[in-house]
Amino acid sequence: MASKPESKRWHEILHERMRFKTVRDFSHKQLYKRLPPHTGWVHVFGSVALLMFFSQFVTGILLLLYYRPTLKEAHESIQYITGEVPFGWLFRQIHAWGATVMMLAVVLHMVRTYFMASFKRPRELTWALGVLLFVVTLVFGFTGYLLPWNQLSYWATTVGTEVVGAVPFVGEQLKEVVLGAPAVGQETLSRFFVVHVAVLPWIIVLLVAAHLILMRVHNLATLEDVGAEKPFPPESGVPFWPVHMAKEACVAAIILGLLLTLSVFSPWEIGEPADPLKTPEGIKPEWYFLPTYQLLKYFSGPLGKFLGILVSGVPFILLLVWPLLDRTTARHPRKRPVSFWLGMIAIILAVFFGLLGHFSETTMNIGGMRVHFDMYGVPHVLEAEAAAPAGGEAGESEAPHGGPSSQTSGAPASGHG
Amino acid sequence: MTDLAPLAHAAIPPAAIRCLAALLLPLSATAYAQPVRTECADCHRAQATQFAESIHGPRLKCQECHGGPYEYRLEPGAADAYVARLAAGEKPAATFDHGASFRGKAARKDVPEVCGTCHADVGRMNAYGLRTDQLASYWVSGHGRRLKEDGDERVAVCIDCHGSHDVLRHDNPKSRTYFQNVPTTCGHCHADRELMRAYNRSADIVEQYKQSIHGRNLLERSDSGSPNCATCHGSHAAAPPGVAEVGHVCGKCHQQIEQDFATGVHARLPLFPRCVGCHAKDGVRGDHRIGEATPPTTELVNAFAEVRAAVGDDETRAPAEFARRVRAMPDSLPIERVCSNCHATKRPDPHAQLVASNDLFAMDKAKDLAGATAAAQYQYARAAERVERLGRGVLLVKNEALSVEEIRGELMSLNVFLHTMNAEGVRERLKKIETMCAEVHAALDVKELGLTRRHQVVGAAWIVILIFGTLMYRKYLLLRAEYVRGGHGSPQAVALPLAPSAAAAPAPIARRRFLDNALRGFGALAAVALLWPALAYVFPARRRGGADERASAGKQDGWAVWEMRKVALGGKAVGVIRTEQGFRAFSLVCTHLGCIVHWNSAQREFECPCHAAKFDADGRVLAGPPPSPLPAFSAAVVQGDVIVSRAG
């Protein structure tokens with residue numbers, strides 16, 4: 001808008017004082033920048049993540065107006081926001097659901113980048129920043145989950161932070177640093193609150209800025225091999241504004257509609273206030289932690305737990321340094337079958353462990369049979385239990401209990417499903 | 001043992017002596033016949049074990065009740081004849097001579113006095129903090145009088161209820177006098193048909209008690225506050241209460257009911273069977289099936305849930321259906337049925353004949369009261385069920401749930417108030433319940449409407465989103481054709497490096513202009529749709545008014561004339577001054593820049609610390625820059641408290 005000719009006079013006044021034209025030309029260049037011609041609908045996930053980040057930022061600030069991070073008032077203030085403040089329910093629900101949608105967008109964005117090998121030279125750093133953004137988003141989710149101070153959030157945090165305690169030698173100290181006290185309490189709430197609203201926002205803003213600048217510097221990757229990219233004629237490129245933005249506006253409208261629908265038809269419960277003396281049934285972390293949560297179950301004992309942390313940390317390390325490991329030049333997924341199948345296996349494993357985690361310790365009716373999934377996710381048919389106790393399932397489920405080392409204990413359960 | 005004594009004097013270590021003694025003792029016992037020390041416990045093992053575990057175990061010895069020496073010395077042969085044979089489970093060879101001072105087992109008629117030697121002795125019981133009136137009480141009880149006057153030994157004496165050797169504290173769950181065991185303890189005799197026939201008494205009362213509201217609370221819910229036999233009949237002074245006492249016996253717990261009943265018409269009839277006339281099964285005196293008149297409120301709520309499932313929340317059918325279900329409940333004791341105990345044709349009590357002329361009027365009133373009660377129950381159950389149901393969903397109904405608790409309290413107090421037989425008052429209470437319920441329903445209606453609106457808005461939002469998405473997509477295609485050459489764009493597309501060209505508009509311009517305007521319209525709509533909730537959210541949620549509009553500045557007593565006290569009203573400082581005429585209150589916020597003025601009682605002036613402003617005791621500006629006087633508040637004395645509120 002600022003480029004309209006009739007406002008020339010104040011343009012020039014501004015230019016004299018702050019080199020306004022330089023700024024304007026720069027923003028024009030960025031705004032009308034031509035994206036590669038193949039830029040399509042799969043390239044919107046990053047923007048969706050950015051949109052969700054803005055939404056979280058705004059709704060988060062709104063929630064801060066009424067939220068009070070103390071043991072006494074946290075849960076009550078959430079009730080107040082939801083029940084009394086006009087549209088409070090809406091902003092809380094959009095913030096809570098926004099976390100999930102943002103996580104989903106980040107993951108899809110990463111999957112797209114992986115399979116289209118956009119992380120390859122020269123965009124290794126962009127990818128690494130992206131992985132850090134993924135981790136920051138996870139920490140956002142983890143710290144934010146505690147803030148409503150209800151039973152689920154309290155106990156999910158208690159269980160989640162136990163993991164830190166398994167680090168050898170300094171585990172207990174580390175856990176106390178995270179919790180601020182021997183157990184989840186006011187100090188933890190304050191810490192998580194500060195990290196969620198004061199520390200992480202800065203980090204994520206800086207990371208996003210660096211990520212976006214690098215993205216602009218290198219432009220979007222094409223599917224051409226590394227080193228063999230041909231510059232496209234500018235007129236065949238897709239201008240960011242208004243063409244790509246029009247596409248993103250369509251997606252953004254649908255995402256907002258989705259958020260509104262989820263908020264109204266599947267609202268997050270406020271739940272019972274946290275009670276440190278009573279653990280409710282079926283404590284589960286959020287879906288994006290489920291694979292890790294389930295994986296950690298197969299490791300027991302002090303050494304096993306540490307091993308579990310290492311094993312569940314491996315995917316993150318791998319992701320971070322992946323551009324250094326995969327230095328081939330091919331980009332098209334069909335030209336790099338190994339990478340393609342590695343990625344598929346990783347996704348399948350994550351979904352598999354996530355599902356195991358989701359169904360573990362629940363009882364369901366499947367085809368007229370009552371099936372109980374134990375903590376390892378192994379199904380047991382309850383009705384047939386008395387009749388055929390020697391069944392393979394019952395026998396195998398004991399293995400993780402007795403298994404002294406993590407490898408042997410993990411294998412039968414995962415191999416079984 | 002004597003033969004070992006010299007050894008002890010020798011310089012042999014004590015351990016060695018003990019070894020030797022152990023080796024030699026069996027030999028010496030057979031070689032030299034010595035008298036064997038024997039105690040009661042050696043023969044009376046079962047009693048001794050029971051006694052050791054009893055409350056008396058550490059404090060008493062057998063001899064204190066039974067007499068006899070504290071120790072017997074038996075010749076070895078005699079010891080074999082008694083102790084060894086008993087130990088082997090055989091009968092002793094002959095009757096054992098316990099000595100001259102031995103009193104043996106007390107006769108039943110003497111038991112109270114034997115126990116009373118200690119338990120009626122203030123000196124002895126003082127150390128344990130126990131009362132000593134049990135013996136005296138016992139002699140005036142039904143049991144005691146029969147024992148003393150008729151010499152009837154079948155009546156209960158101390159040991160029948162407390163045990164003999166195995167007396168346990170009443171708070172020990174194994175004790176016969178533990179609150180939940182009392183009905184069984186009394187039932188030993190009072191449920192014994194054979195025994196009770198001799199006294200012409202019903203042996204069913206224990207069973208009846210167990211079916212009563214009190215019995216079920218005591219035995220099924222372990223409610224220690226629920227009365228057992230002893231609570232109404234007394235323990236040591238056990239006797240059936242007479243007609244006149246029934247009210248007081250029940251009134252020990254049901255105090256408000258006793259008071260309310262006393263104001264009613266029935267309290268004026270001297271021979272009216274009082275509480276049991278209505279609450280005993282069919283009003284039969286002596287029937288221990290004491291019933292509650294109304295089912296527990298939780299059951300009322302469940303009943304309404306069933307009614308709602310069956311006929312819906314339909315004002316024409318639901319109340320009748322609800323009343324039918326409530327009457328069918330086992331706890332239900334409909335008023336008309338109770339009244340007909342006396343006021344209808346069946347008259348178990350001859351004195352009720354006196355009121356026969358009243359029957360028509362009484363039964364009308366009964367219907368009136370029953371109708372009011374049923375209506376109150378219905379109102380409560382309907383509100384409570386709705387709050388419970390909505391609370392399970394996404395709505396927050398905390399305040400409404402609190403109101404329902406209040407209504408429950410009102411319902412209970414209506415049940416109590418029924419005992420006055422004051423139909424006017426009952427209707428007033430019903431009205432109050434109805435008003436409270438209506439308020440709850442109104443609040444819930446608003447919340448439910450909000451929820452429905454939300455659902456509708458989502459539908460509308462999707463329509464907007466789909467239209468917008470379609471238009472935007474159309475725009476996207478147009479833009480792509482306009483800007484991008486080659487690829488999937490239109491072949492005629494013109495490529496422009498930076499800005500769109502105004503010249504490149506050969507296509508139907510009117511249609512595009514419509515598209516652009518429509519998109520702009522949607523953009524504005526989206527901006528409003530996003531901004532409006534945010535503005536509404538930011539706008540203060542707590543409205544002015546409410547509890548903060550009044551505040552107490554403290555007691556009037558001890559408040560000196562021209563003394564000022566501060567009080568916060570709605571978060572703002574207000575000063576209250578006592579003048580010769582009374583109390584005055586002013587805002588302490590300086591009208592200049594909002595500093596808090598302080599009171600100079602010597603000068604009788606308000607002084608502002610910020611800009612040397614001064615106000616007089618009427619709030620008028622005396623000096624300085626303030627544009628207007630201090631706003632006045634009204635101050636009034638209410639029951640000794642000085643209450644400040646906004647003027648007017």
# chains A, B, ... in the order shown; residues from 1 in each chain; ligands from 1
call {"tool": "select_by_dssp", "arguments": {"residues": "region 8-152 of chain A", "states": "helix (DSSP H, G or I)", "output": "short mmCIF file (atom, residue, chain, number, x, y, z; two decimals) with N, CA and C atoms, in the first residue's frame"}}
result
data_model
loop_
_atom_site.label_atom_id
_atom_site.label_comp_id
_atom_site.auth_asym_id
_atom_site.auth_seq_id
_atom_site.Cartn_x
_atom_site.Cartn_y
_atom_site.Cartn_z
N LYS A 8 3.62 10.34 -2.70
CA LYS A 8 5.02 10.57 -3.01
C LYS A 8 5.69 11.56 -2.05
N ARG A 9 4.91 12.55 -1.66
CA ARG A 9 5.56 13.60 -0.89
C ARG A 9 6.10 13.09 0.44
N TRP A 10 5.25 12.42 1.19
CA TRP A 10 5.75 11.95 2.49
C TRP A 10 6.79 10.86 2.32
N HIS A 11 6.73 10.16 1.17
CA HIS A 11 7.80 9.23 0.83
C HIS A 11 9.14 9.89 0.88
N GLU A 12 9.14 11.01 0.18
CA GLU A 12 10.44 11.67 0.04
C GLU A 12 10.91 12.27 1.35
N ILE A 13 9.94 12.79 2.07
CA ILE A 13 10.29 13.33 3.39
C ILE A 13 10.91 12.22 4.23
N LEU A 14 10.25 11.05 4.21
CA LEU A 14 10.76 9.93 5.01
C LEU A 14 12.11 9.48 4.48
N HIS A 15 12.24 9.47 3.13
CA HIS A 15 13.48 8.96 2.56
C HIS A 15 14.68 9.80 2.98
N GLU A 16 14.43 11.10 3.04
CA GLU A 16 15.53 11.97 3.45
C GLU A 16 16.00 11.64 4.85
N ARG A 17 15.07 11.24 5.68
CA ARG A 17 15.41 11.04 7.09
C ARG A 17 15.82 9.61 7.43
N MET A 18 15.27 8.65 6.75
CA MET A 18 15.59 7.26 7.14
C MET A 18 15.75 6.34 5.94
N PHE A 20 14.07 5.80 3.46
CA PHE A 20 12.84 5.02 3.36
C PHE A 20 12.76 4.22 2.06
N LYS A 21 13.28 4.82 1.00
CA LYS A 21 13.16 4.13 -0.29
C LYS A 21 13.92 2.82 -0.27
N THR A 22 15.08 2.82 0.44
CA THR A 22 15.85 1.58 0.55
C THR A 22 15.01 0.50 1.21
N VAL A 23 14.38 0.90 2.30
CA VAL A 23 13.52 -0.05 3.02
C VAL A 23 12.40 -0.52 2.12
N ARG A 24 11.79 0.48 1.41
CA ARG A 24 10.66 0.16 0.57
C ARG A 24 11.06 -0.76 -0.58
N ASP A 25 12.18 -0.44 -1.18
CA ASP A 25 12.62 -1.28 -2.29
C ASP A 25 12.94 -2.69 -1.81
N PHE A 26 13.56 -2.73 -0.63
CA PHE A 26 13.88 -4.05 -0.09
C PHE A 26 12.60 -4.85 0.16
N SER A 27 11.62 -4.21 0.79
CA SER A 27 10.40 -4.96 1.07
C SER A 27 9.66 -5.30 -0.22
N HIS A 28 9.69 -4.41 -1.19
CA HIS A 28 9.10 -4.74 -2.48
C HIS A 28 9.74 -5.96 -3.09
N LYS A 29 11.07 -5.98 -3.01
CA LYS A 29 11.81 -7.09 -3.61
C LYS A 29 11.40 -8.39 -2.91
N GLN A 30 11.30 -8.30 -1.59
CA GLN A 30 10.94 -9.49 -0.84
C GLN A 30 9.50 -9.90 -1.13
N LEU A 31 8.63 -8.89 -1.21
CA LEU A 31 7.21 -9.18 -1.37
C LEU A 31 6.93 -9.82 -2.74
N TRP A 41 1.07 -26.72 -3.55
CA TRP A 41 0.27 -26.74 -2.32
C TRP A 41 1.03 -27.36 -1.16
N VAL A 42 2.01 -28.25 -1.44
CA VAL A 42 2.74 -28.86 -0.32
C VAL A 42 3.68 -27.86 0.33
N HIS A 43 3.88 -26.71 -0.31
CA HIS A 43 4.80 -25.74 0.26
C HIS A 43 4.14 -24.78 1.23
N VAL A 44 2.91 -25.08 1.64
CA VAL A 44 2.21 -24.14 2.53
C VAL A 44 2.36 -24.52 4.01
N PHE A 45 2.90 -25.71 4.30
CA PHE A 45 2.92 -26.14 5.71
C PHE A 45 3.74 -25.21 6.59
N GLY A 46 4.89 -24.75 6.02
CA GLY A 46 5.70 -23.80 6.78
C GLY A 46 4.91 -22.56 7.11
N SER A 47 4.16 -22.06 6.13
CA SER A 47 3.37 -20.86 6.37
C SER A 47 2.26 -21.14 7.39
N VAL A 48 1.70 -22.35 7.31
CA VAL A 48 0.66 -22.70 8.29
C VAL A 48 1.26 -22.69 9.69
N ALA A 49 2.47 -23.25 9.82
CA ALA A 49 3.13 -23.24 11.13
C ALA A 49 3.34 -21.80 11.59
N LEU A 50 3.73 -20.93 10.65
CA LEU A 50 3.95 -19.52 10.99
C LEU A 50 2.62 -18.87 11.40
N LEU A 51 1.58 -19.18 10.64
CA LEU A 51 0.25 -18.64 10.98
C LEU A 51 -0.15 -19.08 12.38
N MET A 52 0.06 -20.38 12.67
CA MET A 52 -0.31 -20.89 13.99
C MET A 52 0.54 -20.22 15.06
N PHE A 53 1.81 -19.95 14.72
CA PHE A 53 2.67 -19.28 15.69
C PHE A 53 2.10 -17.90 16.01
N PHE A 54 1.65 -17.18 15.00
CA PHE A 54 1.04 -15.86 15.25
C PHE A 54 -0.21 -16.01 16.10
N SER A 55 -1.01 -17.00 15.74
CA SER A 55 -2.26 -17.22 16.47
C SER A 55 -1.95 -17.52 17.95
N GLN A 56 -0.95 -18.39 18.18
CA GLN A 56 -0.57 -18.73 19.55
C GLN A 56 -0.06 -17.49 20.28
N PHE A 57 0.69 -16.67 19.55
CA PHE A 57 1.25 -15.46 20.14
C PHE A 57 0.13 -14.54 20.62
N VAL A 58 -0.85 -14.33 19.74
CA VAL A 58 -1.93 -13.38 20.08
C VAL A 58 -2.84 -13.96 21.15
N THR A 59 -3.28 -15.21 20.96
CA THR A 59 -4.18 -15.79 21.97
C THR A 59 -3.45 -15.95 23.30
N GLY A 60 -2.15 -16.25 23.22
CA GLY A 60 -1.36 -16.37 24.46
C GLY A 60 -1.34 -15.06 25.22
N ILE A 61 -1.14 -13.96 24.51
CA ILE A 61 -1.14 -12.66 25.19
C ILE A 61 -2.51 -12.40 25.80
N LEU A 62 -3.56 -12.75 25.06
CA LEU A 62 -4.91 -12.52 25.60
C LEU A 62 -5.12 -13.36 26.86
N LEU A 63 -4.68 -14.61 26.84
CA LEU A 63 -4.88 -15.46 28.01
C LEU A 63 -4.10 -14.90 29.21
N LEU A 64 -2.93 -14.33 28.93
CA LEU A 64 -2.12 -13.78 30.01
C LEU A 64 -2.83 -12.66 30.77
N ALA A 74 -4.31 -20.78 39.62
CA ALA A 74 -4.13 -21.14 38.21
C ALA A 74 -5.40 -21.78 37.65
N HIS A 75 -5.84 -22.84 38.31
CA HIS A 75 -7.00 -23.56 37.81
C HIS A 75 -8.25 -22.69 37.85
N GLU A 76 -8.35 -21.94 38.95
CA GLU A 76 -9.51 -21.07 39.11
C GLU A 76 -9.54 -20.01 38.01
N SER A 77 -8.34 -19.47 37.68
CA SER A 77 -8.33 -18.41 36.67
C SER A 77 -8.69 -18.98 35.30
N ILE A 78 -8.32 -20.23 35.05
CA ILE A 78 -8.72 -20.86 33.78
C ILE A 78 -10.24 -21.01 33.74
N GLN A 79 -10.79 -21.38 34.89
CA GLN A 79 -12.26 -21.49 34.97
C GLN A 79 -12.90 -20.13 34.73
N TYR A 80 -12.27 -19.12 35.30
CA TYR A 80 -12.79 -17.77 35.14
C TYR A 80 -12.75 -17.36 33.67
N ILE A 81 -11.59 -17.63 33.04
CA ILE A 81 -11.45 -17.27 31.62
C ILE A 81 -12.51 -17.99 30.80
N THR A 82 -12.69 -19.28 31.08
CA THR A 82 -13.60 -20.08 30.28
C THR A 82 -15.05 -19.75 30.56
N GLY A 83 -15.35 -19.49 31.83
CA GLY A 83 -16.75 -19.36 32.20
C GLY A 83 -17.27 -17.93 32.23
N GLY A 88 -13.68 -15.84 26.35
CA GLY A 88 -12.52 -16.46 26.99
C GLY A 88 -12.39 -17.91 26.55
N TRP A 89 -13.54 -18.60 26.51
CA TRP A 89 -13.52 -20.01 26.09
C TRP A 89 -12.89 -20.15 24.71
N LEU A 90 -13.23 -19.18 23.83
CA LEU A 90 -12.75 -19.26 22.44
C LEU A 90 -11.23 -19.15 22.40
N PHE A 91 -10.70 -18.16 23.11
CA PHE A 91 -9.26 -17.95 23.03
C PHE A 91 -8.50 -19.09 23.70
N ARG A 92 -9.07 -19.60 24.80
CA ARG A 92 -8.40 -20.73 25.44
C ARG A 92 -8.40 -21.94 24.51
N GLN A 93 -9.56 -22.22 23.91
CA GLN A 93 -9.66 -23.39 23.05
C GLN A 93 -8.76 -23.24 21.83
N ILE A 94 -8.74 -22.02 21.26
CA ILE A 94 -7.92 -21.83 20.06
C ILE A 94 -6.45 -21.96 20.42
N HIS A 95 -6.09 -21.51 21.63
CA HIS A 95 -4.70 -21.65 22.05
C HIS A 95 -4.35 -23.13 22.26
N ALA A 96 -5.26 -23.86 22.92
CA ALA A 96 -4.98 -25.26 23.22
C ALA A 96 -4.97 -26.10 21.94
N TRP A 97 -5.97 -25.88 21.08
CA TRP A 97 -6.00 -26.63 19.82
C TRP A 97 -4.91 -26.14 18.87
N GLY A 98 -4.61 -24.83 18.96
CA GLY A 98 -3.56 -24.26 18.12
C GLY A 98 -2.24 -24.96 18.34
N ALA A 99 -1.96 -25.34 19.60
CA ALA A 99 -0.71 -26.03 19.89
C ALA A 99 -0.63 -27.32 19.07
N THR A 100 -1.75 -28.05 19.06
CA THR A 100 -1.78 -29.30 18.32
C THR A 100 -1.63 -29.07 16.82
N VAL A 101 -2.38 -28.08 16.32
CA VAL A 101 -2.33 -27.81 14.87
C VAL A 101 -0.93 -27.32 14.48
N MET A 102 -0.33 -26.50 15.33
CA MET A 102 1.01 -25.99 15.05
C MET A 102 2.01 -27.14 14.99
N MET A 103 1.88 -28.05 15.97
CA MET A 103 2.77 -29.21 16.01
C MET A 103 2.62 -30.01 14.72
N LEU A 104 1.35 -30.19 14.34
CA LEU A 104 1.06 -30.97 13.13
C LEU A 104 1.68 -30.30 11.91
N ALA A 105 1.53 -28.97 11.83
CA ALA A 105 2.06 -28.23 10.68
C ALA A 105 3.58 -28.34 10.64
N VAL A 106 4.22 -28.23 11.82
CA VAL A 106 5.68 -28.32 11.89
C VAL A 106 6.13 -29.70 11.40
N VAL A 107 5.44 -30.74 11.88
CA VAL A 107 5.83 -32.10 11.50
C VAL A 107 5.65 -32.30 9.99
N LEU A 108 4.49 -31.85 9.45
CA LEU A 108 4.25 -32.02 8.02
C LEU A 108 5.28 -31.24 7.20
N HIS A 109 5.62 -30.05 7.68
CA HIS A 109 6.62 -29.23 7.01
C HIS A 109 7.96 -29.98 6.97
N MET A 110 8.32 -30.61 8.08
CA MET A 110 9.57 -31.37 8.13
C MET A 110 9.53 -32.57 7.20
N VAL A 111 8.40 -33.24 7.20
CA VAL A 111 8.26 -34.43 6.35
C VAL A 111 8.42 -34.02 4.89
N ARG A 112 7.77 -32.92 4.51
CA ARG A 112 7.85 -32.43 3.14
C ARG A 112 9.30 -32.11 2.81
N THR A 113 9.98 -31.41 3.72
CA THR A 113 11.36 -31.01 3.47
C THR A 113 12.26 -32.24 3.33
N TYR A 114 11.99 -33.24 4.15
CA TYR A 114 12.82 -34.44 4.11
C TYR A 114 12.65 -35.16 2.77
N PHE A 115 11.40 -35.40 2.41
CA PHE A 115 11.19 -36.21 1.21
C PHE A 115 11.55 -35.47 -0.06
N GLU A 124 21.56 -26.61 4.61
CA GLU A 124 21.74 -27.44 5.81
C GLU A 124 21.41 -26.66 7.08
N LEU A 125 21.83 -25.39 7.11
CA LEU A 125 21.62 -24.59 8.31
C LEU A 125 20.13 -24.30 8.52
N THR A 126 19.44 -24.04 7.41
CA THR A 126 17.99 -23.79 7.49
C THR A 126 17.31 -25.00 8.13
N TRP A 127 17.75 -26.19 7.69
CA TRP A 127 17.17 -27.42 8.23
C TRP A 127 17.47 -27.55 9.73
N ALA A 128 18.72 -27.29 10.11
CA ALA A 128 19.09 -27.44 11.52
C ALA A 128 18.28 -26.46 12.38
N LEU A 129 18.12 -25.23 11.88
CA LEU A 129 17.28 -24.27 12.61
C LEU A 129 15.85 -24.79 12.71
N GLY A 130 15.40 -25.44 11.64
CA GLY A 130 14.05 -26.01 11.64
C GLY A 130 13.90 -27.09 12.70
N VAL A 131 14.95 -27.95 12.83
CA VAL A 131 14.89 -28.99 13.85
C VAL A 131 14.85 -28.35 15.23
N LEU A 132 15.64 -27.30 15.43
CA LEU A 132 15.60 -26.60 16.72
C LEU A 132 14.21 -26.02 16.96
N LEU A 133 13.60 -25.48 15.92
CA LEU A 133 12.24 -24.94 16.05
C LEU A 133 11.26 -26.03 16.46
N PHE A 134 11.47 -27.22 15.88
CA PHE A 134 10.63 -28.38 16.24
C PHE A 134 10.77 -28.67 17.73
N VAL A 135 12.02 -28.69 18.22
CA VAL A 135 12.24 -28.98 19.64
C VAL A 135 11.63 -27.88 20.51
N VAL A 136 11.83 -26.62 20.08
CA VAL A 136 11.25 -25.52 20.86
C VAL A 136 9.73 -25.65 20.91
N THR A 137 9.14 -26.04 19.80
CA THR A 137 7.68 -26.22 19.78
C THR A 137 7.27 -27.31 20.75
N LEU A 138 8.07 -28.39 20.81
CA LEU A 138 7.77 -29.47 21.76
C LEU A 138 7.84 -28.94 23.20
N VAL A 139 8.89 -28.16 23.48
CA VAL A 139 9.02 -27.63 24.85
C VAL A 139 7.88 -26.66 25.15
N PHE A 140 7.48 -25.89 24.15
CA PHE A 140 6.28 -25.04 24.31
C PHE A 140 5.09 -25.89 24.73
N GLY A 141 4.90 -26.99 24.02
CA GLY A 141 3.77 -27.87 24.32
C GLY A 141 3.87 -28.43 25.73
N PHE A 142 5.07 -28.85 26.10
CA PHE A 142 5.25 -29.49 27.41
C PHE A 142 5.03 -28.50 28.55
N THR A 143 5.60 -27.30 28.41
CA THR A 143 5.46 -26.33 29.50
C THR A 143 4.03 -25.78 29.56
N GLY A 144 3.43 -25.60 28.39
CA GLY A 144 2.08 -25.05 28.37
C GLY A 144 1.06 -26.01 28.95
N TYR A 145 1.34 -27.29 28.81
CA TYR A 145 0.38 -28.30 29.26
C TYR A 145 0.18 -28.25 30.78
N LEU A 146 1.22 -27.81 31.51
CA LEU A 146 1.11 -27.78 32.98
C LEU A 146 0.25 -26.61 33.46
N GLN A 151 -5.58 -32.09 36.99
CA GLN A 151 -5.03 -33.40 37.33
C GLN A 151 -4.18 -33.95 36.20
N LEU A 152 -4.70 -33.89 34.97
CA LEU A 152 -3.96 -34.47 33.85
C LEU A 152 -2.63 -33.75 33.66
#
call {"tool": "residues_around", "arguments": {"residues": "Phe359 (chain A)", "least_positions_apart": "2", "cutoff": "9 Å", "atoms": "only C-alpha atoms", "output": "ChimeraX atom specification"}}
result
/A:354-357,361-364,372-375,377
call {"tool": "write_last_selection", "arguments": {"atoms": "N, CA, C and O atoms", "output": "compact mmCIF listing (two decimals), in the first residue's frame"}}
result
# COMPACT_ATOMS: atom_id res chain seq x y z
N GLY A 354 3.40 -44.50 18.69
CA GLY A 354 2.37 -43.57 19.13
C GLY A 354 1.05 -44.28 19.38
O GLY A 354 0.40 -44.08 20.40
N LEU A 355 0.69 -45.18 18.45
CA LEU A 355 -0.57 -45.92 18.61
C LEU A 355 -0.49 -46.86 19.80
O LEU A 355 -1.43 -46.97 20.58
N LEU A 356 0.67 -47.53 19.95
CA LEU A 356 0.85 -48.42 21.11
C LEU A 356 0.65 -47.61 22.39
O LEU A 356 -0.04 -48.04 23.31
N GLY A 357 1.29 -46.44 22.42
CA GLY A 357 1.17 -45.58 23.59
C GLY A 357 -0.26 -45.15 23.82
O GLY A 357 -0.75 -45.12 24.94
N GLU A 361 -2.69 -49.66 28.29
CA GLU A 361 -3.45 -49.51 29.53
C GLU A 361 -4.89 -49.07 29.31
O GLU A 361 -5.43 -48.27 30.06
N THR A 362 -5.48 -49.53 28.20
CA THR A 362 -6.91 -49.29 28.00
C THR A 362 -7.56 -50.63 27.68
O THR A 362 -6.89 -51.59 27.34
N THR A 363 -8.87 -50.65 27.82
CA THR A 363 -9.63 -51.85 27.48
C THR A 363 -10.65 -51.47 26.43
O THR A 363 -11.32 -50.45 26.56
N MET A 364 -10.72 -52.24 25.37
CA MET A 364 -11.63 -51.90 24.28
C MET A 364 -12.47 -53.10 23.89
O MET A 364 -12.10 -54.24 24.18
N HIS A 372 -7.76 -56.07 26.41
CA HIS A 372 -7.02 -55.14 27.25
C HIS A 372 -5.60 -54.99 26.71
O HIS A 372 -4.94 -55.98 26.41
N PHE A 373 -5.17 -53.75 26.56
CA PHE A 373 -3.79 -53.49 26.15
C PHE A 373 -2.99 -53.17 27.40
O PHE A 373 -3.35 -52.26 28.14
N ASP A 374 -1.93 -53.93 27.65
CA ASP A 374 -1.15 -53.66 28.86
C ASP A 374 -0.23 -52.47 28.62
O ASP A 374 -0.28 -51.82 27.58
N MET A 375 0.62 -52.17 29.61
CA MET A 375 1.41 -50.94 29.50
C MET A 375 2.38 -50.98 28.33
O MET A 375 2.85 -49.96 27.85
N GLY A 377 1.49 -52.11 25.50
CA GLY A 377 0.67 -52.05 24.30
C GLY A 377 0.33 -53.42 23.76
O GLY A 377 -0.22 -53.54 22.66
call {"tool": "interface_residues", "arguments": {"of": "chain A", "to": "chain B", "cutoff": "9 Å", "atoms": "only C-alpha atoms", "output": "PyMOL selection string"}}
result
chain A and resi 28-29+31-34+37-38+59+62+65+79+82-88+90-91+234-239+242-247+249-251+253-254+256-258+260-261+264-265+267-270
call {"tool": "residues_around", "arguments": {"residues": "region 550-560 of chain B", "least_positions_apart": "4", "cutoff": "8 Å", "atoms": "only C-alpha atoms", "output": "VMD selection string"}}
result
chain B and resid 565 to 569 576 578 637 640 to 646
call {"tool": "atom_distance", "arguments": {"atom1": "CA of Ile335 (chain B)", "atom2": "CA of Ala366 (chain B)"}}
result
6.2 Å
